[in-house]
Amino acid sequence: FSFAWSASPAWVAMDVLLHPRYGLGAFVTLRDIDLQSFKDWADYCDDSITTDGTSHTRWQYDSVLDVAQPAWSVIQEIAASGRASMVYAGSKFKVKIETTTSASQLFCMGNIVRGSYQCSYLNPDTRPNFIEVQYVNRDLGYDQDVAQLESASAITDDARKETVRLYGITRAQQAYRAAKYILNVSTTLTKTLRFSAPVDAVAVEPGDVFYFSHDVPQTSVSGRLYAAGGSSVALD
């Protein structure tokens with residue numbers, strides 16, 4: 001690694017983690033950081049994408065830190081501007097990117113504590129279907145601006161508006177992509193799961209994707225294999 005100016009949320013977040021004056025440098029060193037996860041995040045942010053025929057960098061962070069705030073809040077704010085979150089896993093600070101990725105493990109009848117499974121369905125009629133993102137627009141001299149997106153239900157039914165203030169975002173196309181993501185989460189996330197598993201059965205970290213199978217929702221058949229013969233298997 002070399003030291004240079006950057007607008008990448010990945011390197012800005014690392015700077016705040018390591019800087020001794022305005023960050024956590026008095027407590028955090030490079031040995032406390034999962035460098036590969038930051039490098040992967042930086043590559044993701046620096047990818048060139050095309051929106052409405054125009055190519056641009058996927059995510060940038062443009063902000064001035066001129067108000068005293070908890071360092072961890074600032075770091076999570078920076079992470080949010082690059083579609084990621086910061087976690088402390090094992091003994092290192094690690095980045096989890098909100099993007100397509102492989103599942104890290106399977107939770108099933110064989111490793112879920114009996115009777116611990118709970119499923120909550122989210123009422124679509126109470127979830128936001130109109131998103132307004134507030135940001136400062138560099139093309140307007142850094143004046144306040146808004147990016148608004150609505151789903152079809154906001155047009156045909158009552159609009160349920162949610163206003164989100166995003167820091168570090170100054171480009172209109174980035175603000176609209178952020179609004180689209182928030183709207184997609186609000187309109188497509190339909191349920192949440194809650195269950196327990198033994199410590200030795202948990203290989204996931206916060207932010208990981210995992211497979212899930214359980215007899216109650218009948219998503220598939222699962223369990224621990226304890227016998228097999230011919231063309232059949234036996235599950236516990």
# chains A, B, ... in the order shown; residues from 1 in each chain; ligands from 1
call {"tool": "closest_atom_pairs", "arguments": {"of": "range 100-180 of chain A", "to": "range 200-220 of chain A", "cutoff": "8 Å", "atoms": "only C-alpha atoms", "output": "CSV"}}
result
residue,atom,partner,partner_atom,distance
A:Thr101,CA,A:Val209,CA,7.2
A:Ser102,CA,A:Val209,CA,6.8
A:Ala103,CA,A:Phe210,CA,4.5
A:Ser104,CA,A:Phe210,CA,5.5
A:Gln105,CA,A:Phe210,CA,5.2
A:Leu106,CA,A:Tyr211,CA,4.5
A:Phe107,CA,A:Phe212,CA,4.9
A:Cys108,CA,A:Ser213,CA,4.6
A:Met109,CA,A:His214,CA,5.7
A:Asn111,CA,A:Ala201,CA,6.2
call {"tool": "closest_atom_pairs", "arguments": {"of": "range 28-145 of chain A", "to": "range 183-196 of chain A", "cutoff": "12 Å", "atoms": "only C-alpha atoms", "output": "tab-separated table"}}
result
residue	atom	partner	partner_atom	distance
A:Glu98	CA	A:Val185	CA	11.4
A:Phe107	CA	A:Phe195	CA	9.6
A:Cys108	CA	A:Phe195	CA	10.5
A:Met109	CA	A:Phe195	CA	11.0
A:Gly110	CA	A:Ser196	CA	11.9
A:Asn111	CA	A:Ser196	CA	8.8
A:Ile112	CA	A:Ser196	CA	5.9
A:Val113	CA	A:Ser196	CA	5.4
A:Arg114	CA	A:Ser196	CA	8.4
A:Gly115	CA	A:Phe195	CA	8.4
A:Ser116	CA	A:Phe195	CA	4.9
A:Tyr117	CA	A:Phe195	CA	4.4
A:Gln118	CA	A:Arg194	CA	5.0
A:Cys119	CA	A:Leu193	CA	4.7
A:Ser120	CA	A:Thr192	CA	5.3
A:Tyr121	CA	A:Lys191	CA	4.2
A:Leu122	CA	A:Thr190	CA	5.2
A:Asn123	CA	A:Thr190	CA	7.6
A:Pro124	CA	A:Thr187	CA	7.1
A:Asp125	CA	A:Thr187	CA	9.8
A:Thr126	CA	A:Ser186	CA	10.0
A:Arg127	CA	A:Ser186	CA	6.2
A:Pro128	CA	A:Ser186	CA	6.2
A:Asn129	CA	A:Leu183	CA	6.6
A:Phe130	CA	A:Leu183	CA	7.2
A:Ile131	CA	A:Leu183	CA	6.2
A:Glu132	CA	A:Leu183	CA	9.5
A:Val133	CA	A:Leu183	CA	10.5
call {"tool": "atom_distance", "arguments": {"atom1": "CA of Ile169 in chain A", "atom2": "CA of Gly141 in chain A"}}
result
13.5 Å
call {"tool": "residues_around", "arguments": {"residues": "Asp34 in chain A", "least_positions_apart": "6", "cutoff": "7 Å", "atoms": "only C-alpha atoms", "output": "tab-separated table (two decimals) with all heavy atoms, in the first residue's frame"}}
result
chain	number	residue	atom	x	y	z
A	92	LYS	N	-10.14	-8.41	14.03
A	92	LYS	CA	-9.84	-7.42	12.99
A	92	LYS	C	-11.10	-6.67	12.54
A	92	LYS	O	-12.21	-7.20	12.59
A	92	LYS	CB	-9.20	-8.11	11.77
A	92	LYS	CG	-7.81	-8.68	12.02
A	92	LYS	CD	-7.24	-9.30	10.76
A	92	LYS	CE	-5.85	-9.88	11.03
A	92	LYS	NZ	-4.86	-8.82	11.29
A	93	PHE	N	-10.88	-5.45	12.08
A	93	PHE	CA	-11.94	-4.68	11.43
A	93	PHE	C	-12.04	-5.16	9.99
A	93	PHE	O	-11.04	-5.25	9.28
A	93	PHE	CB	-11.62	-3.18	11.47
A	93	PHE	CG	-11.66	-2.59	12.84
A	93	PHE	CD1	-10.49	-2.45	13.59
A	93	PHE	CD2	-12.87	-2.20	13.41
A	93	PHE	CE1	-10.53	-1.91	14.86
A	93	PHE	CE2	-12.91	-1.67	14.69
A	93	PHE	CZ	-11.74	-1.52	15.42
A	94	LYS	N	-13.26	-5.47	9.60
A	94	LYS	CA	-13.48	-6.09	8.29
A	94	LYS	C	-14.67	-5.43	7.60
A	94	LYS	O	-15.61	-4.99	8.26
A	94	LYS	CB	-13.75	-7.59	8.49
A	94	LYS	CG	-13.75	-8.42	7.23
A	94	LYS	CD	-13.83	-9.90	7.59
A	94	LYS	CE	-13.68	-10.80	6.40
A	94	LYS	NZ	-13.74	-12.24	6.75
call {"tool": "residues_around", "arguments": {"residues": "Asp52 in chain A", "least_positions_apart": "5", "cutoff": "12 Å", "atoms": "only C-alpha atoms", "output": "list in words"}}
result
Gln173, Tyr176 and Arg177 of chain A
call {"tool": "select_by_dssp", "arguments": {"residues": "range 16-61 of chain A", "states": "helix (DSSP H, G or I)", "output": "list in words"}}
result
Val16, Leu17, Leu18, Leu30, Arg31, Asp32, Leu35, Gln36, Ser37, Phe38, Lys39, Asp40, Trp41, Ala42, Asp43, Tyr44, Cys45 and Asp46 of chain A
call {"tool": "residues_around", "arguments": {"residues": "range 69-72 of chain A", "least_positions_apart": "3", "cutoff": "10 Å", "atoms": "only C-alpha atoms", "output": "NGL selection string"}}
result
:A and (13 or 16-17 or 22-24 or 65-66 or 75-78 or 86)
call {"tool": "select_by_dssp", "arguments": {"residues": "range 149-233 of chain A", "states": "strand (DSSP E)", "output": "MDAnalysis selection string"}}
result
chainID A and resid 149:150 161:165 191:194 211:212 225:229 232:233
call {"tool": "write_last_selection", "arguments": {"atoms": "N, CA and C atoms", "output": "PDB file, in the first residue's frame"}}
result
ATOM      1  N   LEU A 149     -37.470   8.666  -5.651  1.00  0.00           N
ATOM      2  CA  LEU A 149     -37.919   7.511  -6.422  1.00  0.00           C
ATOM      3  C   LEU A 149     -39.150   6.924  -5.747  1.00  0.00           C
ATOM      4  N   GLU A 150     -40.082   6.439  -6.560  1.00  0.00           N
ATOM      5  CA  GLU A 150     -41.286   5.828  -6.013  1.00  0.00           C
ATOM      6  C   GLU A 150     -41.596   4.545  -6.742  1.00  0.00           C
ATOM      7  N   LYS A 161     -43.822   7.900   2.401  1.00  0.00           N
ATOM      8  CA  LYS A 161     -42.529   8.519   2.133  1.00  0.00           C
ATOM      9  C   LYS A 161     -41.537   8.310   3.269  1.00  0.00           C
ATOM     10  N   GLU A 162     -40.303   8.005   2.897  1.00  0.00           N
ATOM     11  CA  GLU A 162     -39.201   7.954   3.852  1.00  0.00           C
ATOM     12  C   GLU A 162     -38.092   8.872   3.349  1.00  0.00           C
ATOM     13  N   THR A 163     -37.621   9.762   4.209  1.00  0.00           N
ATOM     14  CA  THR A 163     -36.558  10.690   3.859  1.00  0.00           C
ATOM     15  C   THR A 163     -35.255  10.225   4.502  1.00  0.00           C
ATOM     16  N   VAL A 164     -34.209  10.126   3.686  1.00  0.00           N
ATOM     17  CA  VAL A 164     -32.906   9.648   4.147  1.00  0.00           C
ATOM     18  C   VAL A 164     -31.864  10.704   3.831  1.00  0.00           C
ATOM     19  N   ARG A 165     -31.057  11.043   4.826  1.00  0.00           N
ATOM     20  CA  ARG A 165     -29.968  12.002   4.628  1.00  0.00           C
ATOM     21  C   ARG A 165     -28.682  11.223   4.445  1.00  0.00           C
ATOM     22  N   LYS A 191     -39.812 -10.706   4.777  1.00  0.00           N
ATOM     23  CA  LYS A 191     -39.855 -11.400   6.068  1.00  0.00           C
ATOM     24  C   LYS A 191     -38.476 -11.432   6.707  1.00  0.00           C
ATOM     25  N   THR A 192     -38.454 -11.667   8.005  1.00  0.00           N
ATOM     26  CA  THR A 192     -37.209 -11.822   8.744  1.00  0.00           C
ATOM     27  C   THR A 192     -37.244 -13.143   9.502  1.00  0.00           C
ATOM     28  N   LEU A 193     -36.071 -13.738   9.665  1.00  0.00           N
ATOM     29  CA  LEU A 193     -35.954 -15.013  10.377  1.00  0.00           C
ATOM     30  C   LEU A 193     -35.166 -14.819  11.664  1.00  0.00           C
ATOM     31  N   ARG A 194     -35.523 -15.623  12.667  1.00  0.00           N
ATOM     32  CA  ARG A 194     -34.804 -15.623  13.933  1.00  0.00           C
ATOM     33  C   ARG A 194     -34.676 -17.062  14.405  1.00  0.00           C
ATOM     34  N   TYR A 211     -27.287 -20.082   3.341  1.00  0.00           N
ATOM     35  CA  TYR A 211     -28.438 -20.877   2.921  1.00  0.00           C
ATOM     36  C   TYR A 211     -29.254 -21.244   4.155  1.00  0.00           C
ATOM     37  N   PHE A 212     -30.566 -21.446   3.953  1.00  0.00           N
ATOM     38  CA  PHE A 212     -31.440 -21.772   5.076  1.00  0.00           C
ATOM     39  C   PHE A 212     -32.452 -22.818   4.647  1.00  0.00           C
ATOM     40  N   LEU A 225     -26.883 -36.265   8.147  1.00  0.00           N
ATOM     41  CA  LEU A 225     -26.855 -37.594   7.534  1.00  0.00           C
ATOM     42  C   LEU A 225     -26.231 -38.596   8.523  1.00  0.00           C
ATOM     43  N   TYR A 226     -27.009 -39.630   8.859  1.00  0.00           N
ATOM     44  CA  TYR A 226     -26.455 -40.624   9.774  1.00  0.00           C
ATOM     45  C   TYR A 226     -26.432 -42.041   9.197  1.00  0.00           C
ATOM     46  N   ALA A 227     -27.014 -42.220   8.020  1.00  0.00           N
ATOM     47  CA  ALA A 227     -26.951 -43.534   7.369  1.00  0.00           C
ATOM     48  C   ALA A 227     -27.247 -43.391   5.902  1.00  0.00           C
ATOM     49  N   ALA A 228     -26.694 -44.263   5.105  1.00  0.00           N
ATOM     50  CA  ALA A 228     -26.944 -44.262   3.667  1.00  0.00           C
ATOM     51  C   ALA A 228     -26.770 -45.681   3.138  1.00  0.00           C
ATOM     52  N   GLY A 229     -27.559 -46.004   2.134  1.00  0.00           N
ATOM     53  CA  GLY A 229     -27.445 -47.322   1.536  1.00  0.00           C
ATOM     54  C   GLY A 229     -28.218 -47.397   0.248  1.00  0.00           C
ATOM     55  N   SER A 232     -30.788 -44.514  -1.111  1.00  0.00           N
ATOM     56  CA  SER A 232     -31.472 -43.727  -0.082  1.00  0.00           C
ATOM     57  C   SER A 232     -30.503 -43.252   0.995  1.00  0.00           C
ATOM     58  N   VAL A 233     -30.894 -42.189   1.651  1.00  0.00           N
ATOM     59  CA  VAL A 233     -30.123 -41.657   2.770  1.00  0.00           C
ATOM     60  C   VAL A 233     -31.081 -41.467   3.942  1.00  0.00           C
TER      61      VAL A 233
END
call {"tool": "residues_around", "arguments": {"residues": "Gln60 in chain A", "least_positions_apart": "5", "cutoff": "7 Å", "atoms": "only C-alpha atoms", "output": "ChimeraX atom specification"}}
result
/A:7-9,82,169
call {"tool": "closest_residue", "arguments": {"among": "A:Ala84, A:Val95, A:Val146, A:Val64", "to": "Gln36 in chain A", "atoms": "only C-alpha atoms"}}
result
A:Val95
call {"tool": "atom_distance", "arguments": {"atom1": "CA of Asp145 in chain A", "atom2": "CA of Asp43 in chain A"}}
result
28.3 Å
call {"tool": "residues_around", "arguments": {"residues": "Ser55 in chain A", "least_positions_apart": "5", "cutoff": "12 Å", "atoms": "only C-alpha atoms", "output": "PyMOL selection string"}}
result
chain A and resi 46-50+173-174
call {"tool": "closest_residue", "arguments": {"among": "A:Ala10, A:Ala172, A:Ala68, A:Val199", "to": "Arg138 in chain A", "atoms": "only C-alpha atoms"}}
result
A:Ala172
call {"tool": "decode", "arguments": {"residues": "range 96-108 of chain A", "atoms": "all heavy atoms", "output": "tab-separated table (two decimals), in the first residue's frame"}}
result
chain	number	residue	atom	x	y	z
A	96	LYS	N	-17.90	-5.57	4.97
A	96	LYS	CA	-18.89	-6.42	4.32
A	96	LYS	C	-19.60	-5.58	3.25
A	96	LYS	O	-20.24	-4.58	3.58
A	96	LYS	CB	-19.90	-6.97	5.32
A	96	LYS	CG	-19.29	-7.89	6.36
A	96	LYS	CD	-18.79	-9.18	5.72
A	96	LYS	CE	-18.24	-10.13	6.78
A	96	LYS	NZ	-17.83	-11.43	6.19
A	97	ILE	N	-19.46	-5.99	2.00
A	97	ILE	CA	-20.03	-5.24	0.88
A	97	ILE	C	-21.43	-5.76	0.57
A	97	ILE	O	-21.66	-6.97	0.53
A	97	ILE	CB	-19.15	-5.36	-0.37
A	97	ILE	CG1	-17.70	-4.99	-0.05
A	97	ILE	CG2	-19.67	-4.47	-1.49
A	97	ILE	CD1	-16.72	-5.33	-1.17
A	98	GLU	N	-22.36	-4.85	0.35
A	98	GLU	CA	-23.72	-5.23	-0.05
A	98	GLU	C	-23.74	-5.46	-1.55
A	98	GLU	O	-24.08	-4.58	-2.34
A	98	GLU	CB	-24.71	-4.12	0.34
A	98	GLU	CG	-24.94	-3.97	1.83
A	98	GLU	CD	-25.88	-5.03	2.37
A	98	GLU	OE1	-26.51	-5.74	1.56
A	98	GLU	OE2	-25.98	-5.16	3.59
A	99	THR	N	-23.37	-6.66	-1.95
A	99	THR	CA	-23.35	-7.00	-3.37
A	99	THR	C	-23.56	-8.50	-3.51
A	99	THR	O	-23.60	-9.23	-2.52
A	99	THR	CB	-22.01	-6.58	-4.01
A	99	THR	OG1	-22.08	-6.77	-5.42
A	99	THR	CG2	-20.85	-7.37	-3.45
A	100	THR	N	-23.69	-8.96	-4.73
A	100	THR	CA	-23.86	-10.39	-4.99
A	100	THR	C	-22.63	-11.16	-4.51
A	100	THR	O	-21.50	-10.79	-4.84
A	100	THR	CB	-24.08	-10.64	-6.49
A	100	THR	OG1	-25.20	-9.89	-6.93
A	100	THR	CG2	-24.33	-12.11	-6.74
A	101	THR	N	-22.86	-12.18	-3.73
A	101	THR	CA	-21.75	-12.97	-3.19
A	101	THR	C	-22.20	-14.40	-2.93
A	101	THR	O	-23.40	-14.70	-2.98
A	101	THR	CB	-21.21	-12.34	-1.89
A	101	THR	OG1	-20.04	-13.05	-1.47
A	101	THR	CG2	-22.26	-12.40	-0.78
A	102	SER	N	-21.27	-15.27	-2.65
A	102	SER	CA	-21.58	-16.67	-2.38
A	102	SER	C	-21.99	-16.86	-0.93
A	102	SER	O	-21.57	-16.10	-0.04
A	102	SER	CB	-20.37	-17.55	-2.68
A	102	SER	OG	-19.97	-17.43	-4.03
A	103	ALA	N	-22.82	-17.86	-0.68
A	103	ALA	CA	-23.22	-18.18	0.69
A	103	ALA	C	-22.04	-18.79	1.43
A	103	ALA	O	-21.25	-19.55	0.87
A	103	ALA	CB	-24.39	-19.15	0.68
A	104	SER	N	-21.92	-18.45	2.72
A	104	SER	CA	-20.79	-18.92	3.51
A	104	SER	C	-21.08	-20.22	4.24
A	104	SER	O	-20.16	-20.93	4.62
A	104	SER	CB	-20.36	-17.86	4.51
A	104	SER	OG	-21.44	-17.51	5.36
A	105	GLN	N	-22.37	-20.54	4.44
A	105	GLN	CA	-22.70	-21.81	5.07
A	105	GLN	C	-24.19	-22.09	4.96
A	105	GLN	O	-24.96	-21.26	4.48
A	105	GLN	CB	-22.27	-21.83	6.54
A	105	GLN	CG	-23.21	-21.14	7.51
A	105	GLN	CD	-22.94	-21.52	8.96
A	105	GLN	OE1	-22.20	-20.84	9.64
A	105	GLN	NE2	-23.54	-22.61	9.44
A	106	LEU	N	-24.60	-23.28	5.42
A	106	LEU	CA	-26.00	-23.69	5.42
A	106	LEU	C	-26.48	-23.88	6.86
A	106	LEU	O	-25.82	-24.56	7.65
A	106	LEU	CB	-26.17	-25.01	4.66
A	106	LEU	CG	-27.50	-25.76	4.86
A	106	LEU	CD1	-28.65	-24.97	4.23
A	106	LEU	CD2	-27.43	-27.16	4.27
A	107	PHE	N	-27.60	-23.26	7.19
A	107	PHE	CA	-28.30	-23.55	8.43
A	107	PHE	C	-29.50	-24.43	8.09
A	107	PHE	O	-30.30	-24.08	7.21
A	107	PHE	CB	-28.76	-22.27	9.13
A	107	PHE	CG	-27.66	-21.51	9.79
A	107	PHE	CD1	-27.15	-20.36	9.23
A	107	PHE	CD2	-27.12	-21.95	11.00
A	107	PHE	CE1	-26.12	-19.66	9.83
A	107	PHE	CE2	-26.09	-21.26	11.62
A	107	PHE	CZ	-25.59	-20.11	11.04
A	108	CYS	N	-29.63	-25.56	8.79
A	108	CYS	CA	-30.70	-26.49	8.46
A	108	CYS	C	-31.17	-27.20	9.73
A	108	CYS	O	-30.76	-26.84	10.85
A	108	CYS	CB	-30.21	-27.51	7.43
A	108	CYS	SG	-28.87	-28.57	8.04
